[in-house]
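K.L.:
I'm passing along query-v7.cif; it holds mmCIF, C-alpha atoms and all ligand atoms.
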```
data_coords
#
loop_
_atom_site.label_atom_id
_atom_site.label_comp_id
_atom_site.auth_asym_id
_atom_site.auth_seq_id
_atom_site.Cartn_x
_atom_site.Cartn_y
_atom_site.Cartn_z
CA MET A 1 67.30 145.36 -13.54
CA ASP A 2 67.98 141.96 -15.13
CA SER A 3 66.48 141.86 -18.62
CA ILE A 4 68.19 138.64 -19.68
CA SER A 5 65.29 136.22 -19.23
CA GLY A 6 62.69 138.60 -20.75
CA ASN A 7 64.86 139.41 -23.74
CA ARG A 8 65.73 135.76 -24.28
CA ARG A 9 62.04 134.83 -24.27
CA PHE A 10 61.24 137.74 -26.61
CA TRP A 11 63.89 136.89 -29.18
CA ASN A 12 63.03 133.18 -29.05
CA GLN A 13 59.40 134.08 -29.71
CA ILE A 14 59.95 136.52 -32.56
CA SER A 15 62.96 134.88 -34.24
CA GLY A 16 61.00 133.05 -36.96
CA ALA A 17 58.91 136.07 -37.98
CA TYR A 18 61.90 138.42 -37.64
CA GLN A 19 64.08 136.36 -39.96
CA GLN A 20 61.25 135.91 -42.44
CA LYS A 21 60.88 139.68 -42.60
CA HIS A 22 64.49 140.85 -42.40
CA ASP A 23 66.96 138.08 -43.27
CA ALA A 24 67.03 138.72 -47.01
CA ARG A 25 67.83 142.38 -46.52
CA ILE A 26 70.38 141.95 -43.71
CA GLY A 27 72.18 139.22 -45.61
CA ALA A 28 71.72 140.60 -49.14
CA THR A 29 75.45 141.23 -49.43
CA PRO A 30 78.24 140.96 -46.83
CA ARG A 31 78.78 143.72 -44.25
CA LEU A 32 75.63 145.85 -44.30
CA TRP A 33 75.26 148.21 -41.35
CA GLY A 34 72.02 149.05 -39.63
CA THR A 35 68.46 149.72 -40.56
CA TYR A 36 69.44 151.40 -43.85
CA ALA A 37 71.78 148.53 -44.89
CA ILE A 38 74.71 150.87 -45.55
CA PRO A 39 77.71 148.92 -46.91
CA ASP A 40 80.84 148.78 -44.82
CA THR A 41 82.72 149.60 -48.02
CA HIS A 42 81.17 153.10 -47.74
CA LEU A 43 81.74 153.55 -44.01
CA ARG A 44 85.14 151.78 -43.94
CA VAL A 45 84.82 150.64 -40.33
CA LEU A 46 85.85 147.02 -39.90
CA GLY A 47 88.75 146.78 -42.33
CA ASP A 48 90.53 143.53 -43.17
CA VAL A 49 89.56 140.75 -40.76
CA THR A 50 91.58 137.95 -42.35
CA GLY A 51 93.09 135.80 -39.61
CA LYS A 52 91.56 137.93 -36.84
CA ARG A 53 89.71 136.51 -33.83
CA VAL A 54 86.29 138.13 -34.00
CA LEU A 55 83.33 138.04 -31.60
CA GLU A 56 79.89 139.12 -32.83
CA LEU A 57 78.01 140.12 -29.71
CA GLY A 58 74.38 139.29 -30.49
CA CYS A 59 74.82 137.72 -33.90
CA GLY A 60 71.18 136.85 -34.57
CA ALA A 61 71.00 134.63 -37.66
CA GLY A 62 74.68 135.28 -38.30
CA GLN A 63 74.44 137.35 -41.48
CA TRP A 64 77.53 139.32 -40.43
CA SER A 65 79.40 136.39 -38.83
CA ARG A 66 79.14 134.11 -41.83
CA ALA A 67 80.36 136.87 -44.15
CA LEU A 68 83.42 137.53 -41.97
CA ALA A 69 84.11 133.80 -41.59
CA ALA A 70 84.04 133.50 -45.39
CA GLU A 71 86.62 136.32 -45.54
CA GLY A 72 88.98 134.29 -43.36
CA ALA A 73 88.25 135.62 -39.87
CA SER A 74 88.10 133.26 -36.92
CA VAL A 75 84.58 134.24 -35.84
CA VAL A 76 82.49 133.33 -32.81
CA GLY A 77 78.78 134.05 -33.18
CA PHE A 78 77.36 134.79 -29.73
CA ASP A 79 73.69 135.33 -28.90
CA LEU A 80 71.19 135.10 -26.05
CA SER A 81 68.49 133.38 -28.09
CA GLU A 82 68.57 129.69 -28.94
CA GLU A 83 66.13 130.30 -31.80
CA GLN A 84 68.32 132.99 -33.32
CA LEU A 85 71.34 130.71 -33.02
CA ALA A 86 69.39 127.89 -34.64
CA ALA A 87 68.66 130.24 -37.55
CA ALA A 88 72.39 131.05 -37.74
CA ALA A 89 73.24 127.33 -37.75
CA ARG A 90 70.77 126.68 -40.57
CA ALA A 91 72.20 129.52 -42.65
CA MET A 92 75.85 128.63 -42.09
CA GLY A 93 77.76 128.30 -45.34
CA THR A 94 80.88 126.36 -46.11
CA ALA A 95 82.96 128.67 -43.87
CA ARG A 96 81.94 127.14 -40.54
CA TYR A 97 82.21 129.10 -37.29
CA PRO A 98 81.23 128.33 -33.68
CA LEU A 99 77.98 129.56 -32.15
CA VAL A 100 77.82 130.21 -28.40
CA GLN A 101 74.70 130.91 -26.35
CA GLY A 102 74.91 133.41 -23.51
CA ALA A 103 74.37 136.99 -22.37
CA ALA A 104 76.53 139.99 -23.21
CA GLU A 105 76.32 140.84 -19.50
CA HIS A 106 78.45 137.76 -18.62
CA LEU A 107 80.74 136.77 -21.46
CA PRO A 108 82.04 133.19 -21.14
CA PHE A 109 85.42 133.97 -22.73
CA ALA A 110 88.89 134.47 -21.26
CA ALA A 111 90.40 137.95 -21.05
CA GLY A 112 92.21 139.02 -24.21
CA SER A 113 90.56 136.39 -26.44
CA PHE A 114 89.58 138.61 -29.39
CA ASP A 115 91.06 141.12 -31.84
CA LEU A 116 87.64 142.54 -32.67
CA VAL A 117 84.32 142.57 -30.81
CA PHE A 118 81.46 144.06 -32.78
CA CYS A 119 77.71 144.13 -33.22
CA ASP A 120 75.02 145.77 -35.28
CA TYR A 121 71.99 146.38 -33.02
CA GLY A 122 73.11 143.34 -31.00
CA GLY A 123 74.20 142.90 -27.40
CA LEU A 124 74.98 146.59 -26.92
CA SER A 125 71.39 147.50 -27.75
CA TRP A 126 69.82 144.69 -25.69
CA ALA A 127 72.05 144.46 -22.61
CA PRO A 128 72.73 147.26 -20.10
CA PRO A 129 75.79 149.05 -21.54
CA HIS A 130 77.32 149.57 -18.08
CA LEU A 131 77.55 145.74 -17.85
CA ALA A 132 78.12 144.74 -21.48
CA VAL A 133 80.82 147.30 -22.37
CA PRO A 134 83.26 146.27 -19.57
CA GLN A 135 82.71 142.62 -20.57
CA ALA A 136 83.52 143.40 -24.20
CA ALA A 137 86.60 145.36 -23.11
CA ARG A 138 87.76 142.48 -20.90
CA VAL A 139 87.70 139.89 -23.71
CA LEU A 140 89.59 142.17 -26.13
CA ARG A 141 93.36 141.92 -26.41
CA ARG A 142 95.35 145.14 -26.06
CA GLY A 143 95.04 147.00 -29.35
CA GLY A 144 91.80 145.14 -30.11
CA ARG A 145 88.72 147.05 -31.23
CA LEU A 146 85.14 147.29 -30.02
CA VAL A 147 82.89 148.52 -32.84
CA PHE A 148 79.11 148.69 -32.55
CA ASN A 149 76.11 150.27 -34.17
CA VAL A 150 73.06 151.36 -32.14
CA ALA A 151 70.03 153.58 -32.61
CA SER A 152 70.86 157.22 -31.94
CA PRO A 153 69.33 159.15 -29.05
CA TRP A 154 67.94 161.52 -31.71
CA PHE A 155 65.94 158.69 -33.25
CA GLU A 156 64.69 157.40 -29.91
CA ALA A 157 63.74 160.86 -28.65
CA CYS A 158 61.79 161.60 -31.85
CA TYR A 159 60.02 158.24 -32.00
CA ASP A 160 56.24 158.55 -31.76
CA GLU A 161 55.06 155.30 -30.18
CA ALA A 162 51.37 155.88 -30.98
CA ALA A 163 52.04 156.61 -34.66
CA GLY A 164 54.79 153.97 -34.88
CA ARG A 165 57.29 156.26 -36.57
CA ALA A 166 60.11 158.72 -36.00
CA THR A 167 58.92 162.27 -36.50
CA THR A 168 60.34 165.77 -36.32
CA THR A 169 58.89 166.33 -32.84
CA LEU A 170 60.75 165.52 -29.65
CA ARG A 171 58.59 162.90 -27.89
CA GLN A 172 60.81 161.37 -25.23
CA ASP A 173 62.97 163.05 -22.64
CA TYR A 174 66.59 162.75 -23.86
CA PHE A 175 67.84 162.47 -20.29
CA GLY A 176 65.31 159.75 -19.52
CA LEU A 177 65.90 157.36 -22.44
CA ASP A 178 67.92 154.73 -20.53
CA THR A 179 65.63 151.66 -20.80
CA ILE A 180 63.11 151.33 -23.62
CA ASP A 181 60.14 149.00 -23.20
CA GLU A 182 59.81 146.78 -26.25
CA ASP A 183 56.96 144.34 -26.95
CA GLN A 184 56.19 141.37 -24.69
CA GLY A 185 58.16 142.62 -21.69
CA ALA A 186 61.47 142.91 -23.53
CA VAL A 187 63.79 145.83 -22.83
CA SER A 188 66.38 147.60 -24.97
CA TYR A 189 68.85 150.23 -23.82
CA GLN A 190 69.81 153.70 -24.91
CA LEU A 191 72.29 156.16 -23.44
CA THR A 192 72.88 159.85 -23.91
CA TYR A 193 76.04 160.66 -25.87
CA GLY A 194 77.73 161.73 -22.64
CA ASP A 195 76.82 158.49 -20.90
CA TRP A 196 78.16 156.42 -23.83
CA ILE A 197 81.45 158.29 -23.57
CA ARG A 198 81.63 157.73 -19.82
CA VAL A 199 80.77 154.00 -20.08
CA LEU A 200 83.33 153.43 -22.86
CA ARG A 201 86.10 155.41 -21.16
CA GLY A 202 85.22 153.86 -17.82
CA ALA A 203 85.88 150.42 -19.32
CA GLY A 204 89.35 151.60 -20.37
CA LEU A 205 88.52 152.02 -24.06
CA VAL A 206 89.73 154.82 -26.33
CA ILE A 207 87.08 156.33 -28.61
CA ASP A 208 88.47 156.58 -32.14
CA ASP A 209 85.37 157.70 -33.99
CA LEU A 210 81.64 158.17 -33.77
CA ILE A 211 80.28 157.58 -37.25
CA GLU A 212 76.77 158.85 -37.91
CA PRO A 213 75.75 156.87 -40.99
CA ARG A 214 73.89 159.11 -43.42
CA PRO A 215 71.69 157.26 -45.90
CA ALA A 216 70.85 158.75 -49.30
CA PRO A 217 67.52 160.65 -49.35
CA GLU A 218 65.75 157.82 -51.16
CA ALA A 219 67.21 155.01 -48.99
CA ALA A 220 64.60 152.87 -47.25
CA ASN A 221 64.63 151.98 -43.58
CA GLY A 222 64.04 148.23 -43.37
CA TYR A 223 62.56 148.40 -39.86
CA ASN A 224 60.93 151.69 -38.96
CA LYS A 225 58.70 154.23 -40.63
CA THR A 226 59.82 157.83 -40.52
CA ASP A 227 58.07 161.11 -41.20
CA PRO A 228 59.45 162.55 -43.43
CA PRO A 229 60.56 159.41 -45.32
CA ASP A 230 64.08 160.84 -45.67
CA TRP A 231 64.31 161.61 -41.92
CA ALA A 232 67.71 159.93 -41.56
CA HIS A 233 69.18 162.03 -44.35
CA HIS A 234 68.59 165.07 -42.16
CA TRP A 235 69.22 163.71 -38.65
CA PRO A 236 71.40 160.84 -37.44
CA ALA A 237 69.29 157.72 -36.93
CA GLU A 238 72.23 155.61 -35.77
CA ALA A 239 75.50 155.87 -33.89
CA LEU A 240 78.40 153.66 -34.95
CA TRP A 241 81.03 153.76 -32.21
CA VAL A 242 84.62 152.83 -33.05
CA THR A 243 86.89 152.21 -30.06
CA HIS A 244 90.01 150.30 -29.09
CA LYS A 245 91.65 148.93 -25.97
CA PRO A 246 95.02 150.64 -25.47
C1 LIG B 301 68.47 143.02 -33.88
S1 LIG B 301 69.27 141.50 -33.57
C2 LIG B 301 70.95 141.82 -34.05
C3 LIG B 301 71.47 140.75 -34.95
C4 LIG B 301 71.61 141.20 -36.39
N1 LIG B 301 72.64 142.19 -36.54
C5 LIG B 301 70.27 141.71 -36.89
O1 LIG B 301 70.18 142.91 -37.17
O2 LIG B 301 69.34 140.93 -36.98
C6 LIG B 301 69.47 141.53 -31.80
C7 LIG B 301 70.08 140.25 -31.27
O3 LIG B 301 70.58 140.48 -29.95
C8 LIG B 301 70.36 139.30 -29.22
N2 LIG B 301 70.40 139.65 -27.79
C9 LIG B 301 69.43 140.20 -27.04
N3 LIG B 301 69.85 140.37 -25.78
C10 LIG B 301 71.12 139.90 -25.73
C11 LIG B 301 72.08 139.78 -24.69
N4 LIG B 301 71.82 140.20 -23.45
N5 LIG B 301 73.27 139.23 -24.99
C12 LIG B 301 73.54 138.79 -26.24
N6 LIG B 301 72.67 138.88 -27.27
C13 LIG B 301 71.47 139.43 -27.01
C14 LIG B 301 69.01 138.82 -29.68
O4 LIG B 301 68.77 137.48 -29.36
C15 LIG B 301 69.09 139.10 -31.16
O5 LIG B 301 69.53 137.99 -31.88
#
```
Output the structure of this file as structure tokens.
Ligand SMILES: C[S@@+](CC[C@H](N)C(=O)[O-])C[C@H]1O[C@@H](n2cnc3c(N)ncnc32)[C@H](O)[C@@H]1O

P.N.:
Amino acid sequence: MDSISGNRRFWNQISGAYQQKHDARIGATPRLWGTYAIPDTHLRVLGDVTGKRVLELGCGAGQWSRALAAEGASVVGFDLSEEQLAAAARAMGTARYPLVQGAAEHLPFAAGSFDLVFCDYGGLSWAPPHLAVPQAARVLRRGGRLVFNVASPWFEACYDEAAGRATTTLRQDYFGLDTIDEDQGAVSYQLTYGDWIRVLRGAGLVIDDLIEPRPAPEAANGYNKTDPPDWAHHWPAEALWVTHKP
């Protein structure tokens, strides 16, 4: 199924409200991962990016991209939504970086163009992984890394749509997660752990780590309610995959 046009429309529609609600938290300091804003200095994932060619796959308003550009990376911010890219352009600091509009399913970059491709709930949450992962692998140079953070299957399976929160009851069929209907006809994607491994290995990538970020008990989720409030201290809400192209 092609979700490109629906997801583009969705993100164009919600961009203003989304940034009003979340921008301050996402961009509070450089390099904050996920819905609990866990610093990369704690997780130690991306490392030194100085001088590296970096692609953010679904950069939104560019909170990550502008931080890495300021650190001396040669960053491309890539996103499906013109409105999100316009927000990134408005927020760009003195470290300028290019913004490119397109879909993670069809990356408009030559093979081997990047040292690092990454996203935080970006193109690998909103494009079919069996299409987006091979594209990301193609544009990486040998030795380059694909690093991305997505919601965990635990979180999705325990999410109670009616109550609007993650609970301690399994609500969705783990084996049936696959596509998740979002508002206004948009679609996001989720795989089982086994399917993620097969998609990543199938694209020729080596899996170096699967980090399951664990927020402190009192840490707030900036996006979703959970019951109990410290849900993610007990179960993994997110999956941060660390891979490279051999
Ligand atoms: C949750 S935001 C991620 C950006 C940022 N990390 C954040 O948390 O706001 C998801 C982004 O993915 C983009 N997106 C959705 N589908 C995409 C696709 N097929 N290819 C590239 N980007 C896509 C959206 O436009 C949106 O800006």

K.L.:
Enter the distance from atom CA of Glu218 of chain A to atom CA of Ala28 of chain A, in Å, rounded to one decimal.

P.N.:
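Interatomic distance, atom CA of Glu218 of chain A to atom CA of Ala28 of chain A: 18.3 Å.
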
K.L.:
Using all atoms listed in the file, can you tell me which of A:Ser113, A:Thr50, A:Ser188, A:Ser74 comes closest to Ile4 of chain A?

P.N.:
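With all atoms listed in the file as the atom set, the closest residue is A:Ser188.
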
K.L.:
Between A:Leu80, A:Leu210, A:Leu191, A:Phe148, single out the one closest to Ser3 of chain A, counting only C-alpha atoms.

P.N.:
A:Leu80

K.L.:
Within 6 Å of ligand LIG 301 (chain B) (counting all atoms listed in the file), which residues show up? I'd like them as a PyMOL selection string.

P.N.:
chain A and resi 4+7+11+57-60+79-81+84+103-104+120-123+126-127

K.L.:
Between A:Gly222, A:Pro98, A:Pro236, A:Pro228, single out the one closest to Ala24 of chain A, counting all atoms listed in the file.

P.N.:
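Of A:Gly222, A:Pro98, A:Pro236, A:Pro228, the one nearest Ala24 of chain A, counting all atoms listed in the file, is A:Gly222.
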
K.L.:
So which residues touch Gly93 of chain A within 10 Å, counting all atoms listed in the file, skipping near sequence neighbours fewer than 5 positions away, as a VMD selection string?

P.N.:
chain A and resid 66 to 67 69 to 70 88

K.L.:
Pick the closest to Phe175 of chain A from A:Tyr193, A:Val187, A:Ala37, A:Gln13: which is it, counting all atoms listed in the file?

P.N.:
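Ranking A:Tyr193, A:Val187, A:Ala37, A:Gln13 by distance to Phe175 of chain A, first place goes to A:Tyr193.
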
K.L.:
Using atom CA of Gly176 of chain A and atom CA of Leu107 of chain A as the two end points, give the distance in Å to one decimal.

P.N.:
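Rounded to one decimal, the two atoms are 27.7 Å apart.
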
K.L.:
What's around Ala220 of chain A at 10 Å? Count all atoms listed in the file, leave out sequence neighbours fewer than 3 positions away in its own chain, and write the answer as a list in words.

P.N.:
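The neighbour list is Thr35, Tyr36, Ala37, Pro215, Ala216, Pro217, Tyr223, Asn224, Lys225, Thr226, Pro229, Asp230 and Ala232 of chain A.
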